[in-house]
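What follows is coords05.pdb (PDB, C-alpha atoms).
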ATOM      1  CA  MET R 224       0.000   0.000   0.000  1.00  0.00           C
ATOM      2  CA  TYR R 225       2.684   2.516   1.012  1.00  0.00           C
ATOM      3  CA  ARG R 226       4.940   1.789  -1.969  1.00  0.00           C
ATOM      4  CA  ASN R 227       1.980   2.148  -4.368  1.00  0.00           C
ATOM      5  CA  LEU R 228       2.435  -1.312  -5.912  1.00  0.00           C
ATOM      6  CA  PRO R 229      -1.014  -1.477  -7.572  1.00  0.00           C
ATOM      7  CA  ARG R 230      -0.196   1.717  -9.514  1.00  0.00           C
ATOM      8  CA  LEU R 231       3.221   0.322 -10.490  1.00  0.00           C
ATOM      9  CA  VAL R 232       1.739  -3.001 -11.648  1.00  0.00           C
ATOM     10  CA  GLU R 233      -0.692  -1.069 -13.840  1.00  0.00           C
ATOM     11  CA  ALA R 234       2.175   1.010 -15.246  1.00  0.00           C
ATOM     12  CA  GLN R 235       4.092  -2.188 -16.033  1.00  0.00           C
ATOM     13  CA  ARG R 236       1.058  -3.578 -17.829  1.00  0.00           C
ATOM     14  CA  GLU R 237       0.895  -0.364 -19.872  1.00  0.00           C
ATOM     15  CA  GLN R 238       4.691  -0.393 -20.431  1.00  0.00           C
ATOM     16  CA  ARG R 239       4.892   3.049 -18.860  1.00  0.00           C
ATOM     17  CA  TRP R 240       7.822   4.137 -16.641  1.00  0.00           C
ATOM     18  CA  ASP R 241       6.032   5.679 -13.641  1.00  0.00           C
ATOM     19  CA  ALA R 242       8.851   6.925 -11.394  1.00  0.00           C
ATOM     20  CA  HIS R 243       7.376   8.814  -8.449  1.00  0.00           C
ATOM     21  CA  PRO R 244       8.005   9.234  -4.717  1.00  0.00           C
ATOM     22  CA  THR R 245       6.126   6.895  -2.405  1.00  0.00           C
ATOM     23  CA  GLU R 246       5.558   6.500   1.303  1.00  0.00           C
ATOM     24  CA  GLU R 247       7.478   4.030   3.430  1.00  0.00           C
ATOM     25  CA  LEU R 248       6.743   1.813   6.399  1.00  0.00           C
ATOM     26  CA  ALA R 249       9.487   3.329   8.572  1.00  0.00           C
ATOM     27  CA  GLY R 250       8.112   5.793  11.070  1.00  0.00           C
ATOM     28  CA  LYS R 251       4.513   4.611  10.767  1.00  0.00           C
ATOM     29  CA  ARG R 252       2.349   4.131  13.859  1.00  0.00           C
ATOM     30  CA  VAL R 253       0.233   0.979  13.671  1.00  0.00           C
ATOM     31  CA  LEU R 254      -2.709   0.179  15.924  1.00  0.00           C
ATOM     32  CA  VAL R 255      -3.215  -3.586  16.154  1.00  0.00           C
ATOM     33  CA  VAL R 256      -6.698  -4.597  17.260  1.00  0.00           C
ATOM     34  CA  GLY R 257      -6.188  -8.063  18.689  1.00  0.00           C
ATOM     35  CA  ALA R 258      -3.413  -9.126  21.031  1.00  0.00           C
ATOM     36  CA  GLY R 259      -3.003 -12.868  20.554  1.00  0.00           C
ATOM     37  CA  ASP R 260      -0.270 -14.903  18.891  1.00  0.00           C
ATOM     38  CA  VAL R 261      -0.828 -13.475  15.396  1.00  0.00           C
ATOM     39  CA  ALA R 262      -0.657  -9.924  16.747  1.00  0.00           C
ATOM     40  CA  ALA R 263       2.544 -10.682  18.669  1.00  0.00           C
ATOM     41  CA  ASN R 264       4.104 -12.093  15.508  1.00  0.00           C
ATOM     42  CA  LEU R 265       2.985  -9.050  13.505  1.00  0.00           C
ATOM     43  CA  VAL R 266       4.589  -6.700  16.037  1.00  0.00           C
ATOM     44  CA  ARG R 267       7.810  -8.731  15.916  1.00  0.00           C
ATOM     45  CA  ARG R 268       7.876  -8.460  12.106  1.00  0.00           C
ATOM     46  CA  LEU R 269       7.167  -4.712  12.069  1.00  0.00           C
ATOM     47  CA  GLU R 270       9.853  -3.725  14.592  1.00  0.00           C
ATOM     48  CA  PRO R 271      12.810  -4.043  12.149  1.00  0.00           C
ATOM     49  CA  PHE R 272      11.017  -1.581   9.853  1.00  0.00           C
ATOM     50  CA  GLU R 273      11.039   1.088  12.587  1.00  0.00           C
ATOM     51  CA  VAL R 274       7.281   0.897  13.059  1.00  0.00           C
ATOM     52  CA  SER R 275       5.751   1.747  16.423  1.00  0.00           C
ATOM     53  CA  THR R 276       2.852  -0.481  17.432  1.00  0.00           C
ATOM     54  CA  THR R 277       0.026  -0.247  19.934  1.00  0.00           C
ATOM     55  CA  LEU R 278      -2.013  -3.301  20.899  1.00  0.00           C
ATOM     56  CA  VAL R 279      -5.726  -3.307  21.723  1.00  0.00           C
ATOM     57  CA  ALA R 280      -7.701  -6.216  23.190  1.00  0.00           C
ATOM     58  CA  ARG R 281     -11.044  -6.723  24.846  1.00  0.00           C
ATOM     59  CA  ARG R 282      -9.565  -5.866  28.241  1.00  0.00           C
ATOM     60  CA  ALA R 283      -6.564  -3.726  29.148  1.00  0.00           C
ATOM     61  CA  ARG R 284      -3.522  -5.455  30.592  1.00  0.00           C
ATOM     62  CA  ALA R 285       0.205  -4.799  30.749  1.00  0.00           C
ATOM     63  CA  GLY R 286       1.275  -3.439  27.360  1.00  0.00           C
ATOM     64  CA  VAL R 287      -2.230  -3.736  25.898  1.00  0.00           C
ATOM     65  CA  HIS R 288      -5.037  -1.163  25.769  1.00  0.00           C
ATOM     66  CA  GLY R 289      -8.683  -2.092  26.231  1.00  0.00           C
ATOM     67  CA  VAL R 290     -11.101  -1.803  23.317  1.00  0.00           C
ATOM     68  CA  ASP R 291     -12.926   0.942  25.206  1.00  0.00           C
ATOM     69  CA  GLU R 292      -9.925   3.176  24.351  1.00  0.00           C
ATOM     70  CA  VAL R 293      -9.851   2.412  20.619  1.00  0.00           C
ATOM     71  CA  HIS R 294     -11.639   5.561  19.420  1.00  0.00           C
ATOM     72  CA  ASP R 295      -9.177   7.712  21.381  1.00  0.00           C
ATOM     73  CA  LEU R 296      -6.173   5.793  20.013  1.00  0.00           C
ATOM     74  CA  LEU R 297      -7.152   5.771  16.318  1.00  0.00           C
ATOM     75  CA  PRO R 298      -6.372   9.448  15.532  1.00  0.00           C
ATOM     76  CA  ASP R 299      -2.727   8.925  16.549  1.00  0.00           C
ATOM     77  CA  HIS R 300      -2.077   5.991  14.189  1.00  0.00           C
ATOM     78  CA  ASP R 301      -1.277   5.794  10.491  1.00  0.00           C
ATOM     79  CA  ALA R 302      -2.734   2.307  10.116  1.00  0.00           C
ATOM     80  CA  CYS R 303      -5.049  -0.043  11.950  1.00  0.00           C
ATOM     81  CA  VAL R 304      -4.649  -3.808  11.576  1.00  0.00           C
ATOM     82  CA  LEU R 305      -7.562  -6.022  12.591  1.00  0.00           C
ATOM     83  CA  ILE R 306      -6.595  -9.462  13.906  1.00  0.00           C
ATOM     84  CA  VAL R 307      -9.571 -10.580  15.989  1.00  0.00           C
ATOM     85  CA  PRO R 308     -11.916 -13.555  15.885  1.00  0.00           C
ATOM     86  CA  LEU R 309     -15.484 -12.987  14.742  1.00  0.00           C
ATOM     87  CA  THR R 310     -17.654 -12.874  17.859  1.00  0.00           C
ATOM     88  CA  ASP R 311     -20.725 -10.942  18.928  1.00  0.00           C
ATOM     89  CA  ALA R 312     -18.337  -8.363  20.414  1.00  0.00           C
ATOM     90  CA  THR R 313     -16.311  -7.903  17.215  1.00  0.00           C
ATOM     91  CA  ARG R 314     -19.095  -8.084  14.600  1.00  0.00           C
ATOM     92  CA  GLY R 315     -19.426  -4.553  13.205  1.00  0.00           C
ATOM     93  CA  LEU R 316     -16.663  -3.263  15.499  1.00  0.00           C
ATOM     94  CA  VAL R 317     -15.315  -1.153  12.636  1.00  0.00           C
ATOM     95  CA  ASP R 318     -18.322   1.027  11.926  1.00  0.00           C
ATOM     96  CA  ALA R 319     -18.714   4.592  10.645  1.00  0.00           C
ATOM     97  CA  ARG R 320     -17.687   6.049  14.033  1.00  0.00           C
ATOM     98  CA  PHE R 321     -14.539   3.895  14.156  1.00  0.00           C
ATOM     99  CA  LEU R 322     -13.565   4.870  10.601  1.00  0.00           C
ATOM    100  CA  ALA R 323     -14.272   8.561  11.251  1.00  0.00           C
ATOM    101  CA  ALA R 324     -11.767   8.460  14.130  1.00  0.00           C
ATOM    102  CA  MET R 325      -8.980   7.374  11.774  1.00  0.00           C
ATOM    103  CA  PRO R 326      -6.859  10.220  10.369  1.00  0.00           C
ATOM    104  CA  ASP R 327      -7.021  11.183   6.692  1.00  0.00           C
ATOM    105  CA  ARG R 328      -5.077   8.791   4.398  1.00  0.00           C
ATOM    106  CA  ALA R 329      -4.834   6.163   7.168  1.00  0.00           C
ATOM    107  CA  VAL R 330      -4.866   2.500   6.124  1.00  0.00           C
ATOM    108  CA  LEU R 331      -7.269  -0.097   7.489  1.00  0.00           C
ATOM    109  CA  VAL R 332      -6.016  -3.679   7.189  1.00  0.00           C
ATOM    110  CA  ASN R 333      -8.587  -6.413   7.755  1.00  0.00           C
ATOM    111  CA  ALA R 334      -6.862  -9.727   8.383  1.00  0.00           C
ATOM    112  CA  ALA R 335      -9.668 -10.825  10.710  1.00  0.00           C
ATOM    113  CA  ARG R 336     -13.093 -11.648   9.269  1.00  0.00           C
ATOM    114  CA  GLY R 337     -15.242  -9.654   6.864  1.00  0.00           C
ATOM    115  CA  PRO R 338     -18.150  -8.927   9.240  1.00  0.00           C
ATOM    116  CA  VAL R 339     -15.797  -7.202  11.704  1.00  0.00           C
ATOM    117  CA  VAL R 340     -16.017  -4.227   9.306  1.00  0.00           C
ATOM    118  CA  ASP R 341     -19.173  -2.425   8.203  1.00  0.00           C
ATOM    119  CA  THR R 342     -18.703  -2.780   4.439  1.00  0.00           C
ATOM    120  CA  ALA R 343     -20.967   0.132   3.501  1.00  0.00           C
ATOM    121  CA  ALA R 344     -19.188   2.512   5.882  1.00  0.00           C
ATOM    122  CA  LEU R 345     -15.750   1.457   4.620  1.00  0.00           C
ATOM    123  CA  THR R 346     -16.827   1.696   0.982  1.00  0.00           C
ATOM    124  CA  SER R 347     -18.030   5.240   1.612  1.00  0.00           C
ATOM    125  CA  GLU R 348     -14.670   6.247   3.118  1.00  0.00           C
ATOM    126  CA  LEU R 349     -12.745   4.650   0.238  1.00  0.00           C
ATOM    127  CA  VAL R 350     -14.891   6.151  -2.506  1.00  0.00           C
ATOM    128  CA  GLY R 351     -14.536   9.554  -0.834  1.00  0.00           C
ATOM    129  CA  GLY R 352     -10.755   9.068  -0.911  1.00  0.00           C
ATOM    130  CA  ARG R 353     -10.256   9.814   2.790  1.00  0.00           C
ATOM    131  CA  LEU R 354      -9.047   6.356   3.838  1.00  0.00           C
ATOM    132  CA  ARG R 355      -7.204   3.469   2.231  1.00  0.00           C
ATOM    133  CA  ALA R 356      -7.546  -0.224   2.955  1.00  0.00           C
ATOM    134  CA  ALA R 357      -5.990  -3.622   2.457  1.00  0.00           C
ATOM    135  CA  LEU R 358      -8.576  -6.368   2.798  1.00  0.00           C
ATOM    136  CA  ASP R 359      -7.944 -10.089   2.829  1.00  0.00           C
ATOM    137  CA  VAL R 360     -11.540 -10.685   3.905  1.00  0.00           C
ATOM    138  CA  THR R 361     -14.812  -9.043   2.968  1.00  0.00           C
ATOM    139  CA  ASP R 362     -18.492  -9.095   3.835  1.00  0.00           C
ATOM    140  CA  PRO R 363     -19.957 -10.640   1.769  1.00  0.00           C
ATOM    141  CA  GLU R 364     -17.341 -13.214   0.883  1.00  0.00           C
ATOM    142  CA  PRO R 365     -16.581 -14.056  -1.804  1.00  0.00           C
ATOM    143  CA  LEU R 366     -17.165 -10.553  -3.065  1.00  0.00           C
ATOM    144  CA  PRO R 367     -19.783 -10.734  -5.839  1.00  0.00           C
ATOM    145  CA  ALA R 368     -19.237  -9.257  -9.289  1.00  0.00           C
ATOM    146  CA  GLY R 369     -20.398  -5.667  -9.489  1.00  0.00           C
ATOM    147  CA  HIS R 370     -19.839  -4.942  -5.777  1.00  0.00           C
ATOM    148  CA  PRO R 371     -18.621  -1.348  -5.262  1.00  0.00           C
ATOM    149  CA  LEU R 372     -15.492  -2.521  -3.400  1.00  0.00           C
ATOM    150  CA  TRP R 373     -14.068  -3.937  -6.645  1.00  0.00           C
ATOM    151  CA  ASP R 374     -13.622  -0.426  -8.028  1.00  0.00           C
ATOM    152  CA  ALA R 375     -12.981   1.471  -4.784  1.00  0.00           C
ATOM    153  CA  PRO R 376      -9.896   3.695  -4.973  1.00  0.00           C
ATOM    154  CA  GLY R 377      -7.163   3.147  -2.416  1.00  0.00           C
ATOM    155  CA  LEU R 378      -8.005  -0.531  -1.929  1.00  0.00           C
ATOM    156  CA  LEU R 379      -5.709  -3.536  -2.119  1.00  0.00           C
ATOM    157  CA  LEU R 380      -7.936  -6.619  -2.152  1.00  0.00           C
ATOM    158  CA  THR R 381      -6.888 -10.256  -1.799  1.00  0.00           C
ATOM    159  CA  PRO R 382      -9.249 -13.270  -1.785  1.00  0.00           C
ATOM    160  CA  HIS R 383      -8.860 -14.504   1.834  1.00  0.00           C
ATOM    161  CA  LEU R 384      -5.468 -16.055   1.235  1.00  0.00           C
ATOM    162  CA  GLY R 385      -3.486 -14.531   4.108  1.00  0.00           C
ATOM    163  CA  GLY R 386      -3.089 -17.920   5.762  1.00  0.00           C
ATOM    164  CA  ALA R 387      -2.748 -19.894   2.525  1.00  0.00           C
ATOM    165  CA  VAL R 388       1.010 -20.388   2.797  1.00  0.00           C
ATOM    166  CA  PRO R 389       3.078 -23.574   2.998  1.00  0.00           C
ATOM    167  CA  LEU R 390       4.093 -23.327   6.682  1.00  0.00           C
ATOM    168  CA  ALA R 391       0.764 -22.112   8.090  1.00  0.00           C
ATOM    169  CA  LEU R 392      -0.332 -25.516   9.367  1.00  0.00           C
ATOM    170  CA  SER R 393       2.985 -26.328  11.045  1.00  0.00           C
ATOM    171  CA  ARG R 394       2.979 -22.916  12.754  1.00  0.00           C
ATOM    172  CA  ALA R 395      -0.595 -23.477  13.928  1.00  0.00           C
ATOM    173  CA  PHE R 396       0.332 -26.873  15.379  1.00  0.00           C
ATOM    174  CA  ARG R 397       3.329 -25.315  17.153  1.00  0.00           C
ATOM    175  CA  VAL R 398       1.144 -22.645  18.749  1.00  0.00           C
ATOM    176  CA  ALA R 399      -1.438 -25.258  19.764  1.00  0.00           C
ATOM    177  CA  ALA R 400       1.281 -27.447  21.315  1.00  0.00           C
ATOM    178  CA  GLU R 401       2.655 -24.483  23.258  1.00  0.00           C
ATOM    179  CA  GLN R 402      -0.834 -23.612  24.502  1.00  0.00           C
ATOM    180  CA  LEU R 403      -1.502 -27.223  25.566  1.00  0.00           C
ATOM    181  CA  ALA R 404       1.830 -27.357  27.432  1.00  0.00           C
ATOM    182  CA  VAL R 405       0.911 -24.204  29.371  1.00  0.00           C
ATOM    183  CA  PHE R 406      -2.534 -25.657  30.157  1.00  0.00           C
ATOM    184  CA  ALA R 407      -0.982 -28.962  31.268  1.00  0.00           C
ATOM    185  CA  ARG R 408       1.156 -27.012  33.761  1.00  0.00           C
ATOM    186  CA  GLY R 409      -2.076 -25.653  35.247  1.00  0.00           C
ATOM    187  CA  GLU R 410      -1.621 -22.170  33.849  1.00  0.00           C
ATOM    188  CA  ALA R 411      -3.972 -20.116  31.671  1.00  0.00           C
ATOM    189  CA  PRO R 412      -2.903 -20.245  28.008  1.00  0.00           C
ATOM    190  CA  PRO R 413      -1.854 -16.774  26.790  1.00  0.00           C
ATOM    191  CA  ASN R 414      -4.034 -17.057  23.662  1.00  0.00           C
ATOM    192  CA  LEU R 415      -7.198 -18.046  25.490  1.00  0.00           C
ATOM    193  CA  VAL R 416     -10.248 -16.552  23.782  1.00  0.00           C
ATOM    194  CA  GLU R 417     -13.046 -15.932  26.245  1.00  0.00           C
ATOM    195  CA  ASN R 418     -15.940 -14.835  24.030  1.00  0.00           C
ATOM    196  CA  GLY R 419     -13.987 -11.857  22.839  1.00  0.00           C
ATOM    197  CA  TYR R 420     -10.491 -11.024  21.729  1.00  0.00           C
TER     198      TYR R 420
END
How would this structure read if it were set down as structure tokens?
Amino acid sequence: MYRNLPRLVEAQREQRWDAHPTEELAGKRVLVVGAGDVAANLVRRLEPFEVSTTLVARRARAGVHGVDEVHDLLPDHDACVLIVPLTDATRGLVDARFLAAMPDRAVLVNAARGPVVDTAALTSELVGGRLRAALDVTDPEPLPAGHPLWDAPGLLLTPHLGGAVPLALSRAFRVAAEQLAVFARGEAPPNLVENGY
């Protein structure tokens, strides 16, 4: 998104040299909604790029803000990454009010589930050009032909393939084994989902 790859792919297709300045990841402030294993791994991968991260979960705890603070945190972040399960608490979490709290030109990344985001509200923000988004999931999914998201400016859209990589299953088994070992020791697993995130 920041390096403008969709524009450059189009220029390549047109055999047009489109040299222009772009943004970079360094210096960005990323709000991560979700604080489980995937979020921890995302933070670890962003740190070498000089990105500052803030975590949000259902309840505040050491190093993690509670979701009740999210609207106050959004204006101070360049991007918001959603990594939460779909529950009653997260369905529609990203609504018009949530999106309005994001600063102009901010990027919303949905790596959670489509219904976490109000599609109509996001489409309105994209069409108006105020926000940008990278979506691996949508609501509805699959996105039907003719849906306004297909043509929305500032959108990078992938067909729910974020986890479709060769080592995904082995990583999932490793996390499950670690969680079971913690449980077997009589401790609460760190990635325990209690009807929330």
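Proximity of R:Val279, R:Ala357, R:Val253, R:Val274 to Val332 of chain R, computed with all atoms listed in the file, is greatest for R:Ala357.
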Proximity of segment 319-406 of chain R to segment 245-248 of chain R: per-residue shortest pair, 12 Å limit, all atoms listed in the file, as CSV:
residue,atom,partner,partner_atom,distance
R:Arg328,CA,R:Glu246,CA,11.3
R:Ala329,CA,R:Glu246,CA,11.9
R:Val330,CA,R:Leu248,CA,11.6
Place a sphere of radius 9 Å on (-8.7, -9.1, 16.0) in the file coordinates and name every protein, DNA or RNA residue with an atom inside or on its surface, counting all atoms listed in the file; give the answer as number ranges by chain. R: 255-259, 262, 279-280, 304-309, 313, 333-336, 339, 420
Within 7 Å of segment 379-397 of chain R, which residues of segment 293-375 of chain R come that close, and what is the closest atom pair and distance in Å for each? Count only C-alpha atoms and give it as a tab-separated table.
residue	atom	partner	partner_atom	distance
R:Ala356	CA	R:Leu379	CA	6.3
R:Ala357	CA	R:Leu379	CA	4.6
R:Leu358	CA	R:Leu380	CA	5.0
R:Asp359	CA	R:His383	CA	4.6
R:Val360	CA	R:His383	CA	5.1
When you look at Leu296 of chain R with a cut-off of 9 Å (counting only C-alpha atoms), what residues show up, excluding the ones that are within fewer than 2 positions of it in the same chain? I need them as a ChimeraX atom specification. /R:254,277,292-294,298-300,324-325
Repair of segment 305-320 of chain R at the level of N, CA, C and O atoms, as a JSON list (two decimals), in the coordinates of the input:
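File selection_7.json, as written:
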[["chain", "number", "residue", "atom", "x", "y", "z"],
["R", 305, "LEU", "N", -6.58, -5.24, 11.85],
["R", 305, "LEU", "CA", -7.56, -6.02, 12.59],
["R", 305, "LEU", "C", -7.16, -7.49, 12.58],
["R", 305, "LEU", "O", -7.04, -8.10, 11.51],
["R", 306, "ILE", "N", -6.95, -8.05, 13.77],
["R", 306, "ILE", "CA", -6.60, -9.46, 13.91],
["R", 306, "ILE", "C", -7.39, -10.00, 15.09],
["R", 306, "ILE", "O", -6.83, -10.27, 16.16],
["R", 307, "VAL", "N", -8.69, -10.10, 14.92],
["R", 307, "VAL", "CA", -9.57, -10.58, 15.99],
["R", 307, "VAL", "C", -10.46, -11.69, 15.45],
["R", 307, "VAL", "O", -10.73, -11.75, 14.25],
["R", 308, "PRO", "N", -10.94, -12.56, 16.33],
["R", 308, "PRO", "CA", -11.92, -13.56, 15.88],
["R", 308, "PRO", "C", -13.27, -12.87, 15.66],
["R", 308, "PRO", "O", -13.51, -11.78, 16.17],
["R", 309, "LEU", "N", -14.13, -13.51, 14.91],
["R", 309, "LEU", "CA", -15.48, -12.99, 14.74],
["R", 309, "LEU", "C", -16.35, -13.50, 15.89],
["R", 309, "LEU", "O", -16.57, -14.70, 16.03],
["R", 310, "THR", "N", -16.78, -12.56, 16.73],
["R", 310, "THR", "CA", -17.65, -12.87, 17.86],
["R", 310, "THR", "C", -18.77, -11.83, 17.87],
["R", 310, "THR", "O", -18.73, -10.87, 17.09],
["R", 311, "ASP", "N", -19.69, -11.97, 18.78],
["R", 311, "ASP", "CA", -20.72, -10.94, 18.93],
["R", 311, "ASP", "C", -20.10, -9.59, 19.26],
["R", 311, "ASP", "O", -20.58, -8.55, 18.83],
["R", 312, "ALA", "N", -18.99, -9.61, 20.01],
["R", 312, "ALA", "CA", -18.34, -8.36, 20.41],
["R", 312, "ALA", "C", -17.58, -7.71, 19.27],
["R", 312, "ALA", "O", -17.41, -6.49, 19.25],
["R", 313, "THR", "N", -17.11, -8.48, 18.30],
["R", 313, "THR", "CA", -16.31, -7.90, 17.22],
["R", 313, "THR", "C", -17.11, -7.68, 15.94],
["R", 313, "THR", "O", -16.67, -6.94, 15.07],
["R", 314, "ARG", "N", -18.27, -8.29, 15.81],
["R", 314, "ARG", "CA", -19.10, -8.08, 14.60],
["R", 314, "ARG", "C", -19.48, -6.60, 14.51],
["R", 314, "ARG", "O", -20.06, -6.04, 15.42],
["R", 315, "GLY", "N", -19.11, -5.97, 13.40],
["R", 315, "GLY", "CA", -19.43, -4.55, 13.20],
["R", 315, "GLY", "C", -18.60, -3.61, 14.06],
["R", 315, "GLY", "O", -18.92, -2.42, 14.17],
["R", 316, "LEU", "N", -17.52, -4.11, 14.66],
["R", 316, "LEU", "CA", -16.66, -3.26, 15.50],
["R", 316, "LEU", "C", -16.18, -2.04, 14.72],
["R", 316, "LEU", "O", -16.16, -0.92, 15.24],
["R", 317, "VAL", "N", -15.80, -2.25, 13.47],
["R", 317, "VAL", "CA", -15.32, -1.15, 12.64],
["R", 317, "VAL", "C", -16.51, -0.58, 11.87],
["R", 317, "VAL", "O", -16.86, -1.03, 10.79],
["R", 318, "ASP", "N", -17.14, 0.39, 12.50],
["R", 318, "ASP", "CA", -18.32, 1.03, 11.93],
["R", 318, "ASP", "C", -17.97, 2.45, 11.48],
["R", 318, "ASP", "O", -16.80, 2.85, 11.48],
["R", 319, "ALA", "N", -18.96, 3.23, 11.13],
["R", 319, "ALA", "CA", -18.71, 4.59, 10.64],
["R", 319, "ALA", "C", -17.99, 5.44, 11.69],
["R", 319, "ALA", "O", -17.09, 6.22, 11.36],
["R", 320, "ARG", "N", -18.34, 5.29, 12.96],
["R", 320, "ARG", "CA", -17.69, 6.05, 14.03],
["R", 320, "ARG", "C", -16.21, 5.67, 14.14],
["R", 320, "ARG", "O", -15.35, 6.54, 14.29]]
